[in-house]
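Trainee: Sharing a structure, written as structure tokens. Questions coming.
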Amino acid sequence: MEQDVPTTPVGNRHLLAIDQVISGTAGAPDETAAIVAALTAMRTLPHVDAAAFHEVDRATGRAVLRCVQDLPPDVRTRFGALTIAAAPFHNVLVQRQPIFIDDIRLLGPGAEAVAPFASLAMLPVVASDDIVGALSVYSLRGHDWSHEDQLVLPAAGRELGAAIGRLASDRALSDRRLPLHDLFDSVDELFMVAAADGRILWVNGAMERRLGLGGVDWHRMTFLDFHPAGRRIEAAAAIAGLLETGEGTAHLPLLGHDGEEIEVETSVRWGTWDGRRVLFIVSRERVGRRNGDRGDTSVLQMALDTVTAVAQFHDPTTASHSRRVAEVATLIAGRLDLSEDRLAGLRLAAGLHDVGKVAIPAEVLLRPGRLSSAELTLIRTHPEAGSRIVREASTPWPLAEIILQHHERLDGSGYPRGLRAADICPEARILAVADVFEAMSAARPYRGAHTVEEALHELRAGSGRRYDPDVVDAVEELDRDGRLPGDMSGSPSAIAGTEPTARRPPLDRV
Ligand SMILES: [Fe+2]
């Protein structure tokens, strides 16, 4: 019958089969699993006795059998490789049109290759605009491929192609370094990036350590796998709620490597990477949080990280410099008994202290050689620019003020306000010393590195005048104890040896 009005049972079968293709391929961890899911779903159709997937091999101009369901071994051998350009496969593999062959004898001499099957349908599988293969189904009986078949089978091919495309691009994505990789790796928050369907694309070092993910292939997991089994529905609902409102945090448990439940405050938001929509999920442990109204540092961290990302594109050294300054500042603060709460603020401020450089043209920022006084004046606006950027974020710490003060010196010789000792906050005094130490120990595009010893000499020389003596003492102690990150630039002494220290303006561009 021409119109092939679907009867209910057949209609349901087709619906179920396509539903099975969609859910099976969407949750597949890799291409093979997606193909197997599609073939398995096709086999649930009553008139389909076998299914197969041929993969296009451009090098040989052939499509080679990759996965089968119930295809007899001799057919696998005979039908194992198709010539792409030969009719009728040309229609599928070049023109990307499905073919439905009711009577296998129409294949001509090729008919013997698929005996004992009497009919076959073959569907193109296109991933990211590339033909990657053909999905084929076989019937032992001569079969009039129905109107529903002609709708559902190509749809199965399209779903499989979409899944293969997604998996390939997820793999490419997770192999790339995120632009914020270093920065996110340096924070204490547990940070992950997930594809729109929840599959994990990247986790940071803190998350890997806390959840014991070393050696675990998290590419095969979704973010829900990181929650205890009994609370995944709750986690999914909470995360969906956060995405809907686009703000706030949820209190959720994560599953630690030894099965313990780790209470975290999670925030999540949409972002883009390589033109694809991804989820950024940040969790902060609630243990040790002493004051409930200290604000949401996860959300804050994300907002500020976005700003830093912009700065990093502008000046690629800023992010790594800031990370190391945060490291040194944390070590110093440890020696000075700075409270845990103030330390958290200092770490954030240190990570962001040069974000205002985004306001300065890169050609000035990165140009080797001495700067003109006009250029220096321009560069010296960065603490104010940074402080203005950070002021926009609602933060529980005086980040804007710390950033504004990071170039102030005790004797009033600093900038932008020429503050004197009593007016400079403790965090800014620590940050100033950490900043000078790191900036001198690492190479920059416009100059080589000094040695750690030279950096310490500068600090010692300025102790009590430019720099807080207690902070300088703390750095010296750290040095004596071998706690300072010594080789901060790769090979500072080699670069430092190329030019006498005295001739270099050491700190004009910290
Ligand atoms: Fe700076």
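If you're wondering about the labels, chains in the structure tokens are A, B, ... by order shown, residues count from 1 in each chain, ligands from 1 in order shown.
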Skip A:Leu153 itself and residues of its chain fewer than 3 positions away, then list as a compact mmCIF listing (two decimals) with N, CA and C atoms, in the first residue's frame all residues within 8 Å of it, counting only C-alpha atoms.
Mentor:
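Done, and the output landed in out-v5.txt:
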```txt
# COMPACT_ATOMS: atom_id res chain seq x y z
N MET A 42 18.16 -0.76 16.40
CA MET A 42 17.62 -1.16 15.10
C MET A 42 17.14 -2.62 15.12
N LEU A 123 21.76 3.64 5.52
CA LEU A 123 21.58 5.04 5.86
C LEU A 123 22.92 5.75 6.05
N ASP A 149 9.54 3.24 8.24
CA ASP A 149 10.96 2.87 8.11
C ASP A 149 11.73 4.00 7.46
N GLN A 150 11.08 4.57 6.43
CA GLN A 150 11.79 5.60 5.67
C GLN A 150 11.97 6.89 6.46
N ALA A 156 17.70 7.49 12.66
CA ALA A 156 18.67 6.76 13.49
C ALA A 156 20.09 7.06 13.02
N GLY A 157 20.26 7.09 11.68
CA GLY A 157 21.58 7.42 11.12
C GLY A 157 22.01 8.83 11.52
```
Trainee: Which of stretch 52-250 of chain A counts as strand (DSSP E) under DSSP, as a ChimeraX atom specification please?
Mentor: /A:52-57,62-69,81-83,99-101,119-127,130-139,190-195,200-203,250
Trainee: Dump the neighbourhood of ligand 1 as a ChimeraX atom specification: all residues within 10 Å, distances computed on only C-alpha atoms and all ligand atoms.
Mentor: /A:318,322,350,352-357,379-383,386,403-407,431-432,435-436,439,507-510
Trainee: Would you put the residues from that selection into a file with C-alpha atoms, as a PDB file, in the first residue's frame?
Mentor:
```
ATOM      1  CA  THR A 318      49.888  37.731  33.714  1.00  0.00           C
ATOM      2  CA  SER A 322      49.626  36.038  39.346  1.00  0.00           C
ATOM      3  CA  ALA A 350      47.049  38.154  44.527  1.00  0.00           C
ATOM      4  CA  LEU A 352      43.932  39.323  40.365  1.00  0.00           C
ATOM      5  CA  HIS A 353      46.396  42.027  41.311  1.00  0.00           C
ATOM      6  CA  ASP A 354      47.470  42.835  37.726  1.00  0.00           C
ATOM      7  CA  VAL A 355      44.081  42.431  36.102  1.00  0.00           C
ATOM      8  CA  GLY A 356      44.043  46.179  35.437  1.00  0.00           C
ATOM      9  CA  LYS A 357      46.734  45.650  32.810  1.00  0.00           C
ATOM     10  CA  ILE A 379      51.370  51.363  33.062  1.00  0.00           C
ATOM     11  CA  ARG A 380      51.074  52.842  36.506  1.00  0.00           C
ATOM     12  CA  THR A 381      47.332  53.213  36.044  1.00  0.00           C
ATOM     13  CA  HIS A 382      46.872  49.442  36.305  1.00  0.00           C
ATOM     14  CA  PRO A 383      46.269  49.250  40.084  1.00  0.00           C
ATOM     15  CA  GLY A 386      42.197  46.605  38.438  1.00  0.00           C
ATOM     16  CA  ILE A 403      44.813  45.611  44.488  1.00  0.00           C
ATOM     17  CA  LEU A 404      44.842  49.402  44.483  1.00  0.00           C
ATOM     18  CA  GLN A 405      47.647  49.386  47.064  1.00  0.00           C
ATOM     19  CA  HIS A 406      49.912  46.689  45.680  1.00  0.00           C
ATOM     20  CA  HIS A 407      52.446  49.199  44.306  1.00  0.00           C
ATOM     21  CA  LEU A 431      51.342  41.281  48.097  1.00  0.00           C
ATOM     22  CA  ALA A 432      53.886  44.003  47.259  1.00  0.00           C
ATOM     23  CA  ASP A 435      54.958  40.605  43.584  1.00  0.00           C
ATOM     24  CA  VAL A 436      58.481  42.080  43.556  1.00  0.00           C
ATOM     25  CA  ALA A 439      58.563  39.538  39.091  1.00  0.00           C
ATOM     26  CA  LEU A 507      60.828  47.082  39.125  1.00  0.00           C
ATOM     27  CA  ASP A 508      59.293  49.572  36.784  1.00  0.00           C
ATOM     28  CA  ARG A 509      56.986  47.052  35.237  1.00  0.00           C
ATOM     29  CA  VAL A 510      56.170  44.697  38.119  1.00  0.00           C
TER      30      VAL A 510
END
```
Trainee: Find the residues near A:Ile99: any atom within 7 Å, counting only C-alpha atoms, skip ones fewer than 2 places away on the same chain, and give them as a PyMOL selection string.
Mentor: chain A and resi 92+97+101+121-123
Trainee: Between atom CA of A:Pro469 and atom CA of A:Arg347, what is the distance in Å, rounded to a tenth?
Mentor: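 Straight-line distance from atom CA of A:Pro469 to atom CA of A:Arg347 works out to 20.7 Å.
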Trainee: A:Glu263: which residues within 12 Å, counting only C-alpha atoms, same-chain residues fewer than 2 positions away excluded, as a list in words?
Mentor: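 Returned residues: Leu190, Arg210, His227, Pro228, Ala250, His251, Leu252, Pro253, Leu254, Leu255, Gly256, Glu260, Glu261, Glu265, Thr266, Ser283, Arg284, Glu285, Arg286, Val287, Gly288 and Arg289 of chain A.
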Trainee: Keeping C-alpha atoms for every residue in the selection just given, could you write it to a file as a PDB file, in the first residue's frame?
Mentor:
```
ATOM      1  CA  LEU A 190      36.844  22.001  42.902  1.00  0.00           C
ATOM      2  CA  ARG A 210      39.951  15.619  46.693  1.00  0.00           C
ATOM      3  CA  HIS A 227      27.692  12.692  43.743  1.00  0.00           C
ATOM      4  CA  PRO A 228      26.709   9.810  46.075  1.00  0.00           C
ATOM      5  CA  ALA A 250      23.398  24.778  46.090  1.00  0.00           C
ATOM      6  CA  HIS A 251      24.566  22.730  49.050  1.00  0.00           C
ATOM      7  CA  LEU A 252      25.408  19.292  47.759  1.00  0.00           C
ATOM      8  CA  PRO A 253      27.516  16.313  48.713  1.00  0.00           C
ATOM      9  CA  LEU A 254      30.327  15.071  46.499  1.00  0.00           C
ATOM     10  CA  LEU A 255      31.626  11.542  46.709  1.00  0.00           C
ATOM     11  CA  GLY A 256      35.152  11.385  48.110  1.00  0.00           C
ATOM     12  CA  GLU A 260      32.948   9.796  52.344  1.00  0.00           C
ATOM     13  CA  GLU A 261      30.443  12.518  51.526  1.00  0.00           C
ATOM     14  CA  GLU A 265      28.590  24.647  47.965  1.00  0.00           C
ATOM     15  CA  THR A 266      28.231  24.405  44.205  1.00  0.00           C
ATOM     16  CA  SER A 283      32.301  23.550  44.251  1.00  0.00           C
ATOM     17  CA  ARG A 284      33.790  24.840  47.451  1.00  0.00           C
ATOM     18  CA  GLU A 285      34.077  22.719  50.545  1.00  0.00           C
ATOM     19  CA  ARG A 286      31.914  23.930  53.381  1.00  0.00           C
ATOM     20  CA  VAL A 287      34.181  22.482  56.049  1.00  0.00           C
ATOM     21  CA  GLY A 288      36.097  25.195  57.875  1.00  0.00           C
ATOM     22  CA  ARG A 289      33.771  27.926  56.674  1.00  0.00           C
TER      23      ARG A 289
END
```
Trainee: Per DSSP on the backbone, what are the helix (DSSP H, G or I) residues of stretch 43-153 of chain A, as number ranges by chain?
Mentor: A: 43, 73-78, 89-93, 104-114, 147-153
Trainee: Just write the chosen residues, C-alpha atoms, as a PDB file, in the first residue's frame.
Mentor:
```pdb
ATOM      1  CA  ARG A  43      17.524  -4.849  15.924  1.00  0.00           C
ATOM      2  CA  PRO A  73      30.340 -14.492   9.578  1.00  0.00           C
ATOM      3  CA  ASP A  74      30.327 -15.245   5.852  1.00  0.00           C
ATOM      4  CA  VAL A  75      28.325 -12.089   5.123  1.00  0.00           C
ATOM      5  CA  ARG A  76      30.796 -10.151   7.247  1.00  0.00           C
ATOM      6  CA  THR A  77      33.574 -11.466   5.055  1.00  0.00           C
ATOM      7  CA  ARG A  78      31.834 -10.889   1.748  1.00  0.00           C
ATOM      8  CA  PHE A  89      26.660   2.706  -2.038  1.00  0.00           C
ATOM      9  CA  HIS A  90      27.619   5.858  -3.872  1.00  0.00           C
ATOM     10  CA  ASN A  91      24.111   7.167  -3.089  1.00  0.00           C
ATOM     11  CA  VAL A  92      24.725   6.651   0.618  1.00  0.00           C
ATOM     12  CA  LEU A  93      28.416   7.428   1.008  1.00  0.00           C
ATOM     13  CA  ILE A 104      18.095  -7.829  -2.795  1.00  0.00           C
ATOM     14  CA  ARG A 105      18.347  -9.096  -6.364  1.00  0.00           C
ATOM     15  CA  LEU A 106      18.258  -5.450  -7.432  1.00  0.00           C
ATOM     16  CA  LEU A 107      21.813  -5.261  -6.130  1.00  0.00           C
ATOM     17  CA  GLY A 108      22.855  -7.300  -9.159  1.00  0.00           C
ATOM     18  CA  PRO A 109      26.003  -9.336  -8.740  1.00  0.00           C
ATOM     19  CA  GLY A 110      26.445  -7.831  -5.249  1.00  0.00           C
ATOM     20  CA  ALA A 111      23.287  -9.623  -4.089  1.00  0.00           C
ATOM     21  CA  GLU A 112      25.244 -12.775  -3.320  1.00  0.00           C
ATOM     22  CA  ALA A 113      27.385 -10.849  -0.869  1.00  0.00           C
ATOM     23  CA  VAL A 114      24.473 -10.426   1.510  1.00  0.00           C
ATOM     24  CA  HIS A 147       6.810   4.934   5.270  1.00  0.00           C
ATOM     25  CA  GLU A 148       7.751   4.708   8.951  1.00  0.00           C
ATOM     26  CA  ASP A 149      10.959   2.865   8.108  1.00  0.00           C
ATOM     27  CA  GLN A 150      11.792   5.598   5.668  1.00  0.00           C
ATOM     28  CA  LEU A 151      11.355   8.179   8.415  1.00  0.00           C
ATOM     29  CA  VAL A 152      12.840   6.353  11.383  1.00  0.00           C
ATOM     30  CA  LEU A 153      15.866   4.596   9.887  1.00  0.00           C
TER      31      LEU A 153
END
```
Trainee: Counting only C-alpha atoms, which of A:Val452, A:Leu82, A:Ile131, A:Ala63 gets nearest to A:Arg96?
Mentor: A:Ile131
Trainee: For a test of reading the model, state the distance in Å between atom CA of A:Asp170 and atom CA of A:Ile262, rounded to one decimal.
Mentor: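 Spanning atom CA of A:Asp170 to atom CA of A:Ile262 is a straight-line distance of 28.0 Å.
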Trainee: Which residue is closest to A:Val328? Choose from A:Leu478, A:Val358, A:Val278, A:Leu378 and count only C-alpha atoms.
Mentor: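 Nearest candidate to A:Val328 out of A:Leu478, A:Val358, A:Val278, A:Leu378: A:Leu478.
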